[in-house]
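The file model-v6.tsv comes next; it holds TSV, C-alpha atoms and all ligand atoms.
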```
chain	number	residue	atom	x	y	z
P	1	MET	CA	-13.27	-17.53	-4.45
P	2	ASN	CA	-13.67	-14.20	-2.67
P	3	PRO	CA	-12.99	-11.13	-4.78
P	4	ILE	CA	-9.50	-9.69	-4.47
P	5	LEU	CA	-9.62	-6.39	-2.57
P	6	ILE	CA	-7.72	-3.41	-3.95
P	7	HIS	CA	-5.96	-0.96	-1.61
P	8	GLU	CA	-4.84	2.13	-3.55
P	9	VAL	CA	-1.66	3.52	-1.99
P	10	GLY	CA	-0.63	6.02	-4.70
P	11	PRO	CA	-1.50	9.17	-2.72
P	12	ARG	CA	0.88	7.98	0.04
P	13	ASP	CA	3.51	5.57	-1.34
P	14	GLY	CA	3.58	7.32	-4.72
P	15	LEU	CA	3.40	10.99	-3.86
P	16	GLN	CA	5.73	10.82	-0.83
P	17	VAL	CA	8.74	10.29	-3.10
P	18	GLU	CA	7.84	13.02	-5.60
P	19	ALA	CA	10.20	15.99	-5.70
P	20	ALA	CA	7.30	18.44	-5.99
P	21	VAL	CA	4.51	18.80	-3.44
P	22	VAL	CA	1.10	18.18	-5.03
P	23	PRO	CA	-1.42	20.86	-3.94
P	24	THR	CA	-4.10	19.64	-1.52
P	25	GLU	CA	-6.95	20.46	-3.94
P	26	VAL	CA	-5.34	18.35	-6.68
P	27	LYS	CA	-4.79	15.42	-4.28
P	28	LEU	CA	-8.39	15.69	-3.12
P	29	ASP	CA	-9.65	15.44	-6.69
P	30	TRP	CA	-7.58	12.29	-7.37
P	31	ILE	CA	-8.47	10.68	-4.01
P	32	ARG	CA	-12.20	11.35	-4.42
P	33	ARG	CA	-12.28	9.86	-7.92
P	34	VAL	CA	-10.35	6.73	-6.90
P	35	ALA	CA	-12.41	6.38	-3.72
P	36	ASP	CA	-15.60	6.35	-5.82
P	37	SER	CA	-14.26	4.10	-8.61
P	38	GLY	CA	-15.14	0.91	-6.73
P	39	VAL	CA	-11.73	0.11	-5.24
P	40	ASP	CA	-11.98	-0.94	-1.61
P	41	ILE	CA	-9.46	1.15	0.30
P	42	VAL	CA	-7.54	4.36	-0.46
P	43	GLN	CA	-4.47	5.39	1.52
P	44	VAL	CA	-4.72	9.16	1.84
P	45	GLY	CA	-1.35	9.96	3.42
P	46	SER	CA	1.14	9.41	6.16
P	47	PHE	CA	1.30	10.99	9.63
P	48	VAL	CA	4.94	11.97	9.46
P	49	ARG	CA	6.44	15.34	10.32
P	50	GLY	CA	5.47	17.88	7.68
P	51	ASP	CA	8.84	19.64	7.93
P	52	LYS	CA	10.61	16.35	7.17
P	53	VAL	CA	8.25	15.07	4.46
P	54	PRO	CA	6.51	18.13	2.97
P	55	GLN	CA	4.70	15.92	0.43
P	56	MET	CA	2.67	14.50	3.33
P	57	ALA	CA	2.24	17.73	5.32
P	58	ASP	CA	-1.47	18.01	4.43
P	59	THR	CA	-2.46	14.52	5.60
P	60	ASP	CA	-4.44	15.80	8.62
P	61	GLU	CA	-6.20	18.41	6.50
P	62	LEU	CA	-7.09	15.85	3.81
P	63	PHE	CA	-8.70	13.59	6.40
P	64	ARG	CA	-10.59	16.49	7.99
P	65	ILE	CA	-12.10	17.36	4.61
P	66	LEU	CA	-12.74	13.77	3.50
P	67	ALA	CA	-14.34	12.84	6.84
P	68	LYS	CA	-17.25	15.14	5.98
P	69	GLU	CA	-17.88	13.36	2.69
P	70	ALA	CA	-19.29	9.95	1.79
P	71	HIS	CA	-17.11	7.78	-0.43
P	72	HIS	CA	-17.33	4.15	-1.48
P	73	ALA	CA	-13.82	3.26	-0.34
P	74	LEU	CA	-12.57	2.96	3.22
P	75	LEU	CA	-9.83	5.53	3.85
P	76	SER	CA	-6.53	4.53	5.41
P	77	GLY	CA	-3.59	6.45	6.83
P	78	LEU	CA	-0.06	5.35	7.63
P	79	VAL	CA	1.09	5.84	11.23
P	80	LEU	CA	4.76	5.51	12.20
P	81	ASN	CA	4.66	6.15	15.94
P	82	GLU	CA	2.59	7.17	18.98
P	83	LYS	CA	2.46	10.83	17.95
P	84	GLY	CA	1.20	9.82	14.50
P	85	LEU	CA	-1.54	7.73	16.12
P	86	GLU	CA	-2.69	10.72	18.17
P	87	ARG	CA	-3.06	12.75	14.99
P	88	ALA	CA	-4.80	9.92	13.13
P	89	LEU	CA	-7.31	9.44	15.95
P	90	GLU	CA	-7.98	13.16	16.10
P	91	VAL	CA	-8.92	13.40	12.41
P	92	GLY	CA	-10.94	10.18	12.46
P	93	VAL	CA	-8.89	7.83	10.23
P	94	PRO	CA	-11.03	4.68	9.84
P	95	LEU	CA	-8.19	2.28	8.91
P	96	ILE	CA	-4.82	2.80	10.56
P	97	CYS	CA	-1.79	1.14	8.92
P	98	LEU	CA	1.46	0.56	10.80
P	99	GLY	CA	4.58	-1.44	10.05
P	100	VAL	CA	7.91	-2.84	11.13
P	101	SER	CA	10.89	-3.46	8.87
P	102	ALA	CA	12.28	-6.99	8.91
P	103	SER	CA	15.66	-5.48	8.03
P	104	GLU	CA	17.60	-4.27	11.06
P	105	THR	CA	19.47	-1.66	8.98
P	106	HIS	CA	16.32	-0.39	7.22
P	107	SER	CA	14.51	-0.22	10.57
P	108	ARG	CA	17.34	1.78	12.22
P	109	LYS	CA	17.64	4.19	9.29
P	110	ASN	CA	13.87	4.78	9.18
P	111	THR	CA	12.95	4.80	12.87
P	112	GLY	CA	16.19	4.94	14.87
P	113	MET	CA	15.16	1.63	16.44
P	114	GLY	CA	16.12	-1.95	15.73
P	115	THR	CA	13.47	-4.40	14.57
P	116	ASP	CA	12.74	-5.85	18.06
P	117	GLU	CA	12.12	-2.50	19.72
P	118	ALA	CA	10.17	-1.20	16.71
P	119	GLN	CA	8.01	-4.32	16.78
P	120	ARG	CA	7.14	-3.87	20.48
P	121	ARG	CA	6.21	-0.22	19.98
P	122	ILE	CA	4.26	-0.77	16.77
P	123	ILE	CA	2.24	-3.62	18.31
P	124	ALA	CA	1.42	-1.47	21.36
P	125	THR	CA	0.42	1.43	19.08
P	126	ALA	CA	-1.69	-0.86	16.88
P	127	LEU	CA	-3.49	-2.24	19.94
P	128	ALA	CA	-4.18	1.32	21.13
P	129	ALA	CA	-5.69	2.12	17.72
P	130	LYS	CA	-7.85	-0.99	17.95
P	131	GLN	CA	-9.00	-0.05	21.45
P	132	ALA	CA	-9.98	3.35	20.07
P	133	GLY	CA	-12.35	1.51	17.74
P	134	ARG	CA	-10.32	1.79	14.54
P	135	LYS	CA	-9.58	-0.87	11.98
P	136	VAL	CA	-5.89	-1.73	11.97
P	137	GLN	CA	-3.50	-3.23	9.44
P	138	VAL	CA	0.09	-4.08	10.35
P	139	SER	CA	2.85	-4.73	7.84
P	140	VAL	CA	6.27	-6.27	7.54
P	141	GLN	CA	8.41	-3.96	5.42
P	142	SER	CA	11.42	-5.25	3.46
P	143	ALA	CA	9.81	-8.67	3.88
P	144	PHE	CA	11.29	-10.11	0.69
P	145	GLY	CA	14.74	-8.55	0.77
P	146	CYS	CA	16.39	-5.25	1.65
P	147	GLY	CA	18.33	-2.70	-0.37
P	148	PHE	CA	20.84	-2.36	2.47
P	149	GLU	CA	21.10	-5.93	3.75
P	150	GLY	CA	20.13	-8.05	0.75
P	151	PRO	CA	18.23	-11.24	1.58
P	152	ILE	CA	16.25	-11.28	4.83
P	153	PRO	CA	15.78	-14.73	6.44
P	154	GLU	CA	12.22	-16.00	6.04
P	155	ALA	CA	12.20	-16.99	9.74
P	156	ARG	CA	12.76	-13.36	10.69
P	157	VAL	CA	9.74	-12.27	8.65
P	158	MET	CA	7.54	-15.06	10.02
P	159	GLY	CA	8.68	-14.17	13.56
P	160	ILE	CA	7.22	-10.68	13.14
P	161	VAL	CA	4.03	-12.13	11.61
P	162	ALA	CA	3.71	-14.56	14.53
P	163	ALA	CA	4.11	-11.69	17.03
P	164	TYR	CA	1.32	-9.77	15.26
P	165	LEU	CA	-0.96	-12.79	15.30
P	166	GLU	CA	-0.23	-13.46	18.99
P	167	ALA	CA	-1.26	-9.87	19.73
P	168	GLY	CA	-4.55	-10.47	17.90
P	169	LEU	CA	-3.56	-8.37	14.87
P	170	THR	CA	-4.83	-10.48	11.98
P	171	SER	CA	-4.85	-7.97	9.10
P	172	ILE	CA	-1.27	-8.21	7.86
P	173	SER	CA	0.55	-6.84	4.83
P	174	LEU	CA	3.81	-8.26	3.49
P	175	ALA	CA	5.59	-5.33	1.85
P	176	ASP	CA	8.25	-5.65	-0.79
P	177	THR	CA	9.84	-2.27	-0.12
P	178	ALA	CA	12.88	-2.85	-2.35
P	179	GLY	CA	11.20	-4.90	-5.07
P	180	HIS	CA	13.30	-8.02	-4.42
P	181	ALA	CA	10.30	-10.37	-4.24
P	182	HIS	CA	9.96	-13.08	-6.86
P	183	PRO	CA	6.86	-15.17	-7.51
P	184	ALA	CA	8.02	-18.46	-5.96
P	185	GLN	CA	9.11	-16.62	-2.81
P	186	VAL	CA	5.84	-14.69	-2.58
P	187	ARG	CA	3.83	-17.91	-2.97
P	188	ARG	CA	5.85	-19.59	-0.21
P	189	TYR	CA	5.56	-16.65	2.19
P	190	VAL	CA	1.81	-16.33	1.72
P	191	GLN	CA	1.45	-20.06	2.36
P	192	SER	CA	3.68	-19.79	5.47
P	193	VAL	CA	1.55	-16.98	6.92
P	194	LEU	CA	-1.68	-18.85	6.23
P	195	ALA	CA	-0.16	-21.95	7.85
P	196	LEU	CA	0.34	-19.89	11.03
P	197	ASP	CA	-3.29	-18.75	10.92
P	198	PRO	CA	-5.61	-19.55	7.99
P	199	ASN	CA	-7.88	-16.66	8.99
P	200	THR	CA	-5.17	-14.03	8.43
P	201	GLU	CA	-6.41	-11.24	6.17
P	202	LEU	CA	-3.26	-11.10	4.11
P	203	THR	CA	-2.29	-8.25	1.81
P	204	ALA	CA	0.66	-8.12	-0.61
P	205	HIS	CA	2.46	-4.84	-1.36
P	206	ILE	CA	4.84	-5.46	-4.23
P	207	HIS	CA	7.18	-2.99	-5.92
P	208	ASN	CA	8.09	-3.43	-9.56
P	209	THR	CA	11.77	-2.41	-9.30
P	210	TYR	CA	13.00	-5.43	-11.24
P	211	GLY	CA	9.94	-6.04	-13.43
P	212	LEU	CA	8.56	-8.84	-11.24
P	213	GLY	CA	5.63	-6.92	-9.79
P	214	MET	CA	2.61	-8.35	-11.59
P	215	ALA	CA	4.00	-11.91	-11.56
P	216	SER	CA	4.49	-11.68	-7.80
P	217	VAL	CA	1.02	-10.18	-7.29
P	218	TYR	CA	-0.44	-13.15	-9.16
P	219	ALA	CA	1.53	-15.57	-7.01
P	220	ALA	CA	0.18	-13.83	-3.90
P	221	MET	CA	-3.43	-13.99	-5.12
P	222	GLU	CA	-3.18	-17.63	-6.16
P	223	ALA	CA	-1.65	-18.56	-2.80
P	224	GLY	CA	-4.52	-16.97	-0.87
P	225	ALA	CA	-3.79	-13.27	-0.32
P	226	LYS	CA	-7.04	-11.36	0.18
P	227	ALA	CA	-5.89	-7.90	-0.88
P	228	ILE	CA	-3.27	-6.20	-3.04
P	229	GLU	CA	-1.83	-2.73	-2.52
P	230	THR	CA	-1.32	-0.89	-5.80
P	231	SER	CA	-0.69	2.69	-6.91
P	232	PHE	CA	-2.21	4.76	-9.70
P	233	GLY	CA	-0.03	4.74	-12.79
P	234	GLY	CA	2.43	2.51	-10.91
P	235	LEU	CA	3.65	5.68	-9.21
P	236	GLY	CA	6.28	5.42	-6.53
P	237	GLY	CA	9.95	4.96	-6.09
P	238	CYS	CA	12.40	2.59	-4.56
P	239	PRO	CA	14.27	4.20	-1.65
P	240	PHE	CA	17.29	1.99	-2.34
P	241	THR	CA	17.84	2.13	-6.09
P	242	LYS	CA	16.41	5.64	-6.57
P	243	VAL	CA	14.67	4.49	-9.74
P	244	ALA	CA	11.04	5.15	-10.57
P	245	ALA	CA	9.70	1.74	-9.71
P	246	GLY	CA	6.52	1.98	-7.74
P	247	ASN	CA	3.88	-0.53	-6.92
P	248	VAL	CA	2.03	-2.49	-9.57
P	249	ALA	CA	-0.34	0.01	-11.24
P	250	THR	CA	-3.88	-0.09	-9.90
P	251	GLU	CA	-5.47	0.10	-13.33
P	252	ASP	CA	-3.15	-2.63	-14.69
P	253	LEU	CA	-4.30	-5.02	-11.96
P	254	VAL	CA	-7.98	-4.10	-12.29
P	255	HIS	CA	-7.72	-4.56	-16.08
P	256	VAL	CA	-6.32	-8.08	-15.82
P	257	LEU	CA	-8.80	-9.05	-13.08
P	258	GLN	CA	-11.66	-7.85	-15.27
P	259	ARG	CA	-10.37	-9.92	-18.20
P	260	THR	CA	-11.15	-13.00	-16.10
P	261	GLY	CA	-14.50	-11.67	-14.98
P	262	GLN	CA	-13.37	-10.41	-11.57
P	263	ARG	CA	-14.04	-7.01	-10.03
P	264	LEU	CA	-16.35	-5.89	-12.84
P	265	ASP	CA	-17.80	-3.53	-10.23
P	266	ILE	CA	-14.73	-1.28	-10.49
P	267	ASP	CA	-14.88	1.60	-12.97
P	268	LEU	CA	-11.64	1.01	-14.90
P	269	ALA	CA	-12.18	4.07	-17.11
P	270	ALA	CA	-12.32	6.25	-14.00
P	271	LEU	CA	-9.01	4.81	-12.74
P	272	ILE	CA	-7.37	5.33	-16.14
P	273	GLY	CA	-8.62	8.92	-16.12
P	274	VAL	CA	-6.99	9.57	-12.75
P	275	SER	CA	-3.65	8.07	-13.80
P	276	ARG	CA	-3.65	10.19	-16.98
P	277	ASP	CA	-4.27	13.28	-14.87
P	278	VAL	CA	-1.49	12.29	-12.44
P	279	ALA	CA	0.94	11.84	-15.36
P	280	ARG	CA	-0.13	15.17	-16.86
P	281	HIS	CA	0.23	16.96	-13.53
P	282	LEU	CA	3.69	15.50	-12.87
P	283	GLY	CA	4.69	16.16	-16.48
P	284	ARG	CA	6.08	12.74	-17.23
P	285	GLU	CA	5.22	9.22	-18.22
P	286	LEU	CA	4.41	6.86	-15.33
P	287	PRO	CA	5.43	3.17	-15.18
P	288	GLY	CA	1.86	1.80	-15.61
P	289	CYS	CA	0.78	0.28	-18.96
P	290	VAL	CA	-3.01	0.36	-19.24
P	291	TYR	CA	-3.40	4.09	-18.61
P	292	LYS	CA	-1.34	4.56	-21.81
P	293	THR	CA	-2.78	1.75	-23.97
P	294	GLY	CA	-6.36	1.74	-22.73
P	295	PRO	CA	-8.01	-1.62	-22.02
P	296	ILE	CA	-8.03	-4.45	-24.57
P	297	GLN	CA	-11.37	-4.04	-26.32
P	298	GLU	CA	-14.25	-6.35	-25.41
P	299	SER	CA	-14.32	-7.76	-28.98
P	300	ASN	CA	-10.67	-8.77	-28.76
P	301	ARG	CA	-11.11	-10.86	-25.63
P	302	ARG	CA	-10.29	-14.57	-25.80
F	1	ZN	ZN	5.85	0.66	-0.93
```
Would you encode the structure as structure tokens?
Ligand code: ZN
Amino acid sequence: MNPILIHEVGPRDGLQVEAAVVPTEVKLDWIRRVADSGVDIVQVGSFVRGDKVPQMADTDELFRILAKEAHHALLSGLVLNEKGLERALEVGVPLICLGVSASETHSRKNTGMGTDEAQRRIIATALAAKQAGRKVQVSVQSAFGCGFEGPIPEARVMGIVAAYLEAGLTSISLADTAGHAHPAQVRRYVQSVLALDPNTELTAHIHNTYGLGMASVYAAMEAGAKAIETSFGGLGGCPFTKVAAGNVATEDLVHVLQRTGQRLDIDLAALIGVSRDVARHLGRELPGCVYKTGPIQESNRR
């Protein structure tokens, strides 16, 4: 079995919902340490308007600084539209992430466009990024249910996936924006995508709103997902319930993988150190477990 890849999205998915703006120097410290811990990809920020989302206003600057440095991890940035792509290309983002919401209401609230129009524009933007020589990942947001609409038909989700695959976009993330995913559903969806194209590089992005995060991540991995998006300390929020319920914590997933002999190349202590610093900086406890408990000691295994 190929090792599960870890895509750290805390600096983007986590920090974008924080009330306070984290200073650029502090973000840089966290990003550098995670990017050298052995995880595979780190999402640095999002190319949104700085006046609308001040937490992400330094994304261009972060990339300009990080582009001059050598780090183990590939760096990714989230792009929402054509203007965002221009900025991402200018600062040399190696992996460009884009997405469409499967929920018509969520899509309209976020982008002012329905799902069909958003899908056409995002595919065109993704292809432009590819032509510019960048790696590209496309996602389906609210894939497992929506805080506005409730259940989203599976056929609707697979329709977006099929359109991506037809366009030659084979790195695809299924995102559980609201945290509605449950393990049996995640297993089925991963199998459905791989039935469309077994070569899909599939990522799962699962929020822990209802406590189902790690179980759903396991279902995704066992069904054939290649990568999981996680956030340090489990940081993040749910835009629908307004509760602190981020992604599965990066260090929690690395810890459990290492207990079964996987991803021993990742420096778990370094990840725990970052999450402790994030919690200290934000002045509160984060949802993750292992940054608080520390790993189960070697002697206690089995
Ligand atoms: Zn998310």
Problem set entry | Neighbours of point (-6.9, 9.9, 13.7) within 10 Å, using all atoms listed in the file, written as a list in words |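 The residues near that point, listed by chain and number, are Phe47, Asp60, Phe63, Arg64, Ser76, Gly77, Val79, Gly84, Leu85, Glu86, Arg87, Ala88, Leu89, Glu90, Val91, Gly92, Val93, Pro94, Leu95, Ile96, Ala129, Ala132 and Arg134 of chain P.
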For this session: Could you report the residues within 10 Å of ligand ZN 1 (chain F), using only C-alpha atoms and all ligand atoms, as a ChimeraX atom specification?
Result: /P:9-10,12-14,141-142,175-179,205-208,229-231,235-239,245-248
Problem set entry | Expected answer as a list in words: all residues with atoms within 10 Å of (3.2, 18.7, -1.8), only C-alpha atoms |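 Residues satisfying the cut-off, written out: Leu15, Gln16, Glu18, Ala19, Ala20, Val21, Val22, Pro23, Thr24, Val26, Lys27, Gly50, Val53, Pro54, Gln55, Met56, Ala57 and Asp58 of chain P.
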Problem set entry | Option closest in space to P:Cys289, from P:Val217, P:Val254, P:Ile65, P:Ile172 [counting all atoms listed in the file] |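 Ranking P:Val217, P:Val254, P:Ile65, P:Ile172 by distance to P:Cys289, first place goes to P:Val254.
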Problem set entry | Given all atoms listed in the file as the counted atoms, nearest of P:Lys292, P:Arg121, P:Arg32, P:Arg259 to P:Arg276 |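 For P:Arg276, the nearest of the given residues is P:Lys292.
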Exercise. Between P:Tyr218, P:Ala279, P:Val48, P:Ile31, which one has atoms that come closest to P:Leu66, using all atoms listed in the file?
Worked result: P:Ile31
For this session: Fewer than 4 positions away in the same chain doesn't count, so skip those; otherwise give me all residues within 9 Å of P:Ser275, counting all atoms listed in the file, as JSON, numbers by chain.
Result: {"P": [30, 232, 233, 234, 235, 251, 270, 271, 279, 280, 286, 288, 291]}
